[in-house]
Amino acid sequence: MNLPARFDVLLTGIHLATLEGADWGIVRDGAIAVTGDRIAWAGPESGLPAVPASRRLAFDGAWATPGLVDCHTHLVYAGNRASEFERRLRGATYEEIAREGGGIVSTVRATRAASEDALVEESRPRLAALAGEGATTVEVKSGYGLERTAELKQLAVARRLGAELRVDVRTTLLAAHAVPPEYEGRADAWIDTVCGDIVPAAARSGLADAVDAFCDRIGFTRDQTRRVFEAAREAGLPVKLHAEQLSDQDGAALAAEFGALSADHLEWLSPRGIGAMAAAGTVAVLLPGAYYALRETKLPPVDALRRAGVPIAVSTDCNPGTSPTTSPLLMLNMACTLFRLTPLEAVRGMTCVAAQALRLRDRGVLRAGMRADVAVYAVSEPAELAWRFGGNPCLGTLRGGVPCFAVEP
């Protein structure tokens, strides 16, 4: 990348975890120079080009990483489901609650009743919290509207929040999340509506970047999911899938057949699914928050995914029922403690690999030419981001080159 006559922003006095290559890509006593929304230069401060900067942020030994990418969230919703948490503690299962009209459908009622402005107000703190721990790109799903107007409302709210908070929000249509109350007992008819009406409407509006579905015993069958994927393909939208969370429905293999960006959850993932994902380049997204909240005991097959060379991402799964968290840093720790990822795997899983899960090739690594999404942390080494739990060492971020620091250094 050719150097400009002037840098817009210059960060100095920082160590870099660039994540170039297969390791941390550490550069001690480094600097990052930004022009527009791109990194113009990154490397040791001793080699910094003699180019003036309009704005200089000087640190004292903090660490910079690529901005975190939270590639699976449901953060636009109304209400909460704390009462269901209590019920699960008394012995009720997630499936029992869902079949009794709780779970996803409970959130649907509250979300449908909320205006767009009310959803913005209720969801803003959640996105702000993610950004406050270093997230610069966040995927947001619909799935709590379960009818066309309400689904598009959720996606529009997600886009509004991204613009307001300067977070790059990627939106995913998840109309095939559950069967709405008015379609009870008629799942195929609901899929007809999703495929014939909602997917095309989301594509025409430009509000959806991808299409997702929930393929499981309390979700949709493999054949129903295939129909949703076919509709997405017809509309020109890529797909991803909630797969093998509660049972093995062979959903990951189906997702791979359609070249899915990712298959997510994966506790019950089979060797067949792993092989299909490896062949297709589909990313495995692990969601330790949901595993923890549901007190699951079936671990996703991390070692088998590693051996097969399937890229492993990590995300918050921020949602009101099974992962009510807004802490990506806590999820890094849980990915290590619960799933036995290394700190490097966890951090890569929420930066460069998570970017891959959204098909975003311009972020996740600190190097010239990449989008200037940078998180700065008051830590002594980058592994500390996954080691600690509780507290927030994030000093601030660059989001598309724009400094976002509570206290500017």
# chains A, B, ... in the order shown; residues from 1 in each chain; ligands from 1
call {"tool": "select_by_dssp", "arguments": {"residues": "segment 136-316 of chain A", "states": "strand (DSSP E)", "output": "number ranges by chain"}}
result
A: 136-141, 168-176, 210-215, 241-243, 262-265, 283-286, 312-314
call {"tool": "write_last_selection", "arguments": {"atoms": "N, CA and C atoms", "output": "compact mmCIF listing (two decimals), in the first residue's frame"}}
result
# COMPACT_ATOMS: atom_id res chain seq x y z
N THR A 136 -15.69 -4.77 16.94
CA THR A 136 -15.84 -3.76 15.90
C THR A 136 -16.74 -4.24 14.77
N THR A 137 -16.98 -5.54 14.69
CA THR A 137 -17.91 -6.13 13.73
C THR A 137 -18.80 -7.09 14.48
N VAL A 138 -20.12 -6.98 14.28
CA VAL A 138 -21.07 -7.83 14.99
C VAL A 138 -22.14 -8.30 14.01
N GLU A 139 -22.37 -9.60 13.97
CA GLU A 139 -23.49 -10.16 13.21
C GLU A 139 -24.72 -10.16 14.10
N VAL A 140 -25.87 -9.76 13.52
CA VAL A 140 -27.13 -9.73 14.27
C VAL A 140 -28.19 -10.46 13.46
N LYS A 141 -28.87 -11.41 14.11
CA LYS A 141 -29.91 -12.20 13.45
C LYS A 141 -31.29 -11.67 13.80
N ASP A 168 -19.61 -2.17 12.65
CA ASP A 168 -20.02 -2.75 11.37
C ASP A 168 -20.94 -3.93 11.65
N VAL A 169 -22.24 -3.74 11.47
CA VAL A 169 -23.23 -4.77 11.75
C VAL A 169 -23.57 -5.53 10.47
N ARG A 170 -23.49 -6.84 10.53
CA ARG A 170 -23.90 -7.73 9.44
C ARG A 170 -25.19 -8.43 9.86
N THR A 171 -26.17 -8.42 9.00
CA THR A 171 -27.50 -8.89 9.37
C THR A 171 -27.81 -10.24 8.72
N THR A 172 -28.50 -11.08 9.47
CA THR A 172 -28.87 -12.42 9.01
C THR A 172 -30.35 -12.66 9.26
N LEU A 173 -31.06 -13.07 8.22
CA LEU A 173 -32.47 -13.42 8.34
C LEU A 173 -32.59 -14.81 8.94
N LEU A 174 -33.28 -14.91 10.07
CA LEU A 174 -33.47 -16.20 10.75
C LEU A 174 -34.97 -16.44 10.95
N ALA A 175 -35.75 -16.27 9.90
CA ALA A 175 -37.19 -16.51 10.02
C ALA A 175 -37.48 -17.98 10.34
N ALA A 176 -36.60 -18.89 9.91
CA ALA A 176 -36.75 -20.31 10.24
C ALA A 176 -36.07 -20.61 11.57
N ALA A 210 -27.35 -12.48 4.88
CA ALA A 210 -27.30 -13.93 4.83
C ALA A 210 -28.62 -14.49 5.37
N VAL A 211 -28.78 -15.80 5.25
CA VAL A 211 -29.97 -16.50 5.75
C VAL A 211 -29.52 -17.64 6.64
N ASP A 212 -30.22 -17.81 7.76
CA ASP A 212 -29.89 -18.84 8.75
C ASP A 212 -31.15 -19.66 9.01
N ALA A 213 -30.99 -20.80 9.66
CA ALA A 213 -32.12 -21.64 10.09
C ALA A 213 -31.69 -22.43 11.31
N PHE A 214 -32.69 -22.95 12.03
CA PHE A 214 -32.44 -23.78 13.21
C PHE A 214 -32.88 -25.19 12.87
N CYS A 215 -31.90 -26.06 12.62
CA CYS A 215 -32.19 -27.45 12.25
C CYS A 215 -31.95 -28.32 13.48
N LEU A 241 -26.02 -21.98 9.49
CA LEU A 241 -26.98 -22.88 10.14
C LEU A 241 -26.69 -23.08 11.62
N HIS A 242 -27.78 -23.01 12.42
CA HIS A 242 -27.75 -23.55 13.79
C HIS A 242 -27.82 -25.07 13.64
N ALA A 243 -26.74 -25.75 13.91
CA ALA A 243 -26.67 -27.18 13.59
C ALA A 243 -26.18 -27.99 14.79
N SER A 262 -20.98 -20.80 7.71
CA SER A 262 -20.66 -21.42 8.99
C SER A 262 -21.76 -22.39 9.40
N ALA A 263 -21.40 -23.30 10.28
CA ALA A 263 -22.35 -24.12 11.02
C ALA A 263 -22.03 -23.87 12.49
N ASP A 264 -23.07 -23.61 13.30
CA ASP A 264 -22.87 -23.05 14.64
C ASP A 264 -23.48 -23.93 15.72
N HIS A 265 -22.87 -23.96 16.87
CA HIS A 265 -23.16 -24.79 18.06
C HIS A 265 -22.35 -26.08 17.96
N VAL A 283 -16.97 -22.73 8.21
CA VAL A 283 -16.39 -22.45 9.53
C VAL A 283 -17.26 -23.05 10.63
N ALA A 284 -16.63 -23.62 11.65
CA ALA A 284 -17.32 -24.09 12.85
C ALA A 284 -17.36 -22.96 13.86
N VAL A 285 -18.55 -22.54 14.26
CA VAL A 285 -18.68 -21.47 15.25
C VAL A 285 -19.10 -22.08 16.59
N LEU A 286 -18.24 -21.97 17.58
CA LEU A 286 -18.53 -22.50 18.90
C LEU A 286 -19.15 -21.42 19.78
N ILE A 312 -12.09 -22.76 13.34
CA ILE A 312 -12.94 -22.68 14.53
C ILE A 312 -13.07 -21.24 14.98
N ALA A 313 -14.31 -20.74 14.97
CA ALA A 313 -14.61 -19.40 15.45
C ALA A 313 -15.30 -19.50 16.81
N VAL A 314 -15.34 -18.38 17.52
CA VAL A 314 -15.98 -18.29 18.83
C VAL A 314 -16.87 -17.05 18.82
call {"tool": "residues_around", "arguments": {"residues": "segment 224-234 of chain A", "least_positions_apart": "6", "cutoff": "12 Å", "atoms": "only C-alpha atoms", "output": "MDAnalysis selection string"}}
result
chainID A and resid 172:179 186:204 208:216 240:243 249:260
call {"tool": "residues_around", "arguments": {"residues": "Met334 of chain A", "least_positions_apart": "5", "cutoff": "10 Å", "atoms": "only C-alpha atoms", "output": "ChimeraX atom specification"}}
result
/A:287-289,291-292,314,328-329,339-341,346,386-387,389
call {"tool": "write_last_selection", "arguments": {"atoms": "N, CA and C atoms", "output": "tab-separated table (two decimals), in the first residue's frame"}}
result
chain	number	residue	atom	x	y	z
A	287	LEU	N	-20.15	-21.80	20.56
A	287	LEU	CA	-20.92	-20.85	21.36
A	287	LEU	C	-20.92	-21.31	22.82
A	288	PRO	N	-19.83	-21.03	23.54
A	288	PRO	CA	-19.71	-21.54	24.91
A	288	PRO	C	-20.72	-20.95	25.86
A	289	GLY	N	-21.26	-19.77	25.59
A	289	GLY	CA	-22.25	-19.18	26.48
A	289	GLY	C	-23.51	-20.02	26.56
A	291	TYR	N	-23.73	-23.24	25.80
A	291	TYR	CA	-23.35	-24.51	26.41
A	291	TYR	C	-23.36	-24.37	27.94
A	292	TYR	N	-22.81	-23.27	28.43
A	292	TYR	CA	-22.74	-23.01	29.87
A	292	TYR	C	-24.13	-22.79	30.45
A	314	VAL	N	-15.34	-18.38	17.52
A	314	VAL	CA	-15.98	-18.29	18.83
A	314	VAL	C	-16.87	-17.05	18.82
A	328	PRO	N	-17.81	-10.51	25.08
A	328	PRO	CA	-16.98	-11.37	24.23
A	328	PRO	C	-15.72	-11.87	24.94
A	329	LEU	N	-15.18	-11.07	25.85
A	329	LEU	CA	-13.97	-11.52	26.56
A	329	LEU	C	-14.27	-12.71	27.46
A	339	PHE	N	-14.13	-25.69	26.41
A	339	PHE	CA	-13.88	-26.43	25.18
A	339	PHE	C	-12.41	-26.75	24.95
A	340	ARG	N	-11.54	-26.26	25.82
A	340	ARG	CA	-10.10	-26.53	25.79
A	340	ARG	C	-9.42	-25.94	24.56
A	341	LEU	N	-9.92	-24.83	24.04
A	341	LEU	CA	-9.16	-24.09	23.05
A	341	LEU	C	-7.97	-23.45	23.74
A	346	ALA	N	-8.62	-19.18	20.72
A	346	ALA	CA	-9.82	-18.43	21.09
A	346	ALA	C	-9.79	-17.02	20.51
A	386	ALA	N	-7.86	-14.09	27.19
A	386	ALA	CA	-8.63	-15.31	27.41
A	386	ALA	C	-8.44	-15.87	28.81
A	387	TRP	N	-7.40	-15.45	29.49
A	387	TRP	CA	-7.11	-15.98	30.82
A	387	TRP	C	-8.02	-15.38	31.88
A	389	PHE	N	-11.26	-13.56	33.69
A	389	PHE	CA	-12.70	-13.42	33.52
A	389	PHE	C	-13.20	-12.45	34.58
call {"tool": "closest_atom_pairs", "arguments": {"of": "segment 140-172 of chain A", "to": "segment 395-400 of chain A", "cutoff": "12 Å", "atoms": "only C-alpha atoms", "output": "CSV"}}
result
residue,atom,partner,partner_atom,distance
A:Gly162,CA,A:Arg399,CA,11.0
A:Ala163,CA,A:Arg399,CA,11.3
A:Leu165,CA,A:Arg399,CA,9.5
A:Arg166,CA,A:Arg399,CA,6.6
A:Val167,CA,A:Arg399,CA,6.6
A:Asp168,CA,A:Arg399,CA,8.0
A:Val169,CA,A:Arg399,CA,11.5
call {"tool": "closest_atom_pairs", "arguments": {"of": "segment 125-223 of chain A", "to": "segment 82-95 of chain A", "cutoff": "12 Å", "atoms": "only C-alpha atoms", "output": "JSON lines"}}
result
{"residue": "A:Asp216", "atom": "CA", "partner": "A:Glu95", "partner_atom": "CA", "distance": 10.6}
{"residue": "A:Arg217", "atom": "CA", "partner": "A:Glu95", "partner_atom": "CA", "distance": 8.6}
{"residue": "A:Ile218", "atom": "CA", "partner": "A:Glu95", "partner_atom": "CA", "distance": 6.7}
{"residue": "A:Gly219", "atom": "CA", "partner": "A:Glu95", "partner_atom": "CA", "distance": 10.1}
call {"tool": "closest_residue", "arguments": {"among": "A:Ala98, A:Ala235, A:Val310, A:Val51", "to": "Gln356 of chain A", "atoms": "only C-alpha atoms"}}
result
A:Val310
call {"tool": "atom_distance", "arguments": {"atom1": "atom CA of Gly273 of chain A", "atom2": "atom CA of Glu244 of chain A"}}
result
9.4 Å
call {"tool": "select_by_dssp", "arguments": {"residues": "segment 113-338 of chain A", "states": "alpha helix (DSSP H)", "output": "ChimeraX atom specification"}}
result
/A:113,116-132,148-165,187-193,199-205,222-235,251-257,271-280,288-293,302-308,328-337
call {"tool": "closest_atom_pairs", "arguments": {"of": "segment 41-137 of chain A", "to": "segment 6-28 of chain A", "cutoff": "12 Å", "atoms": "only C-alpha atoms", "output": "Markdown table"}}
result
| residue | atom | partner | partner_atom | distance |
| --- | --- | --- | --- | --- |
| A:Trp41 | CA | A:Leu10 | CA | 9.3 |
| A:Ala42 | CA | A:Leu16 | CA | 8.6 |
| A:Gly43 | CA | A:Val27 | CA | 6.5 |
| A:Pro44 | CA | A:Val27 | CA | 6.2 |
| A:Glu45 | CA | A:Thr12 | CA | 6.9 |
| A:Ser46 | CA | A:Arg28 | CA | 10.3 |
| A:Gly47 | CA | A:Val27 | CA | 11.6 |
| A:Leu48 | CA | A:Thr12 | CA | 9.5 |
| A:Pro49 | CA | A:Phe7 | CA | 10.2 |
| A:Ala50 | CA | A:Arg6 | CA | 9.5 |
| A:Val51 | CA | A:Arg6 | CA | 5.7 |
| A:Pro52 | CA | A:Arg6 | CA | 5.2 |
| A:Ala53 | CA | A:Phe7 | CA | 4.4 |
| A:Ser54 | CA | A:Asp8 | CA | 5.0 |
| A:Arg55 | CA | A:Val9 | CA | 4.8 |
| A:Arg56 | CA | A:Leu10 | CA | 4.7 |
| A:Leu57 | CA | A:Leu11 | CA | 4.9 |
| A:Ala58 | CA | A:Thr12 | CA | 4.9 |
| A:Phe59 | CA | A:Gly13 | CA | 4.6 |
| A:Asp60 | CA | A:Gly13 | CA | 5.2 |
| A:Gly61 | CA | A:Ile14 | CA | 4.9 |
| A:Ala62 | CA | A:Ile14 | CA | 5.0 |
| A:Trp63 | CA | A:His15 | CA | 4.7 |
| A:Ala64 | CA | A:Leu16 | CA | 4.9 |
| A:Thr65 | CA | A:Ala17 | CA | 5.1 |
| A:Pro66 | CA | A:Thr18 | CA | 6.8 |
| A:Gly67 | CA | A:Thr18 | CA | 10.6 |
call {"tool": "atom_distance", "arguments": {"atom1": "atom CA of Arg367 of chain A", "atom2": "atom CA of Val34 of chain A"}}
result
10.5 Å
call {"tool": "closest_residue", "arguments": {"among": "A:Thr282, A:Val376, A:Glu381, A:Thr337", "to": "Glu408 of chain A", "atoms": "only C-alpha atoms"}}
result
A:Val376
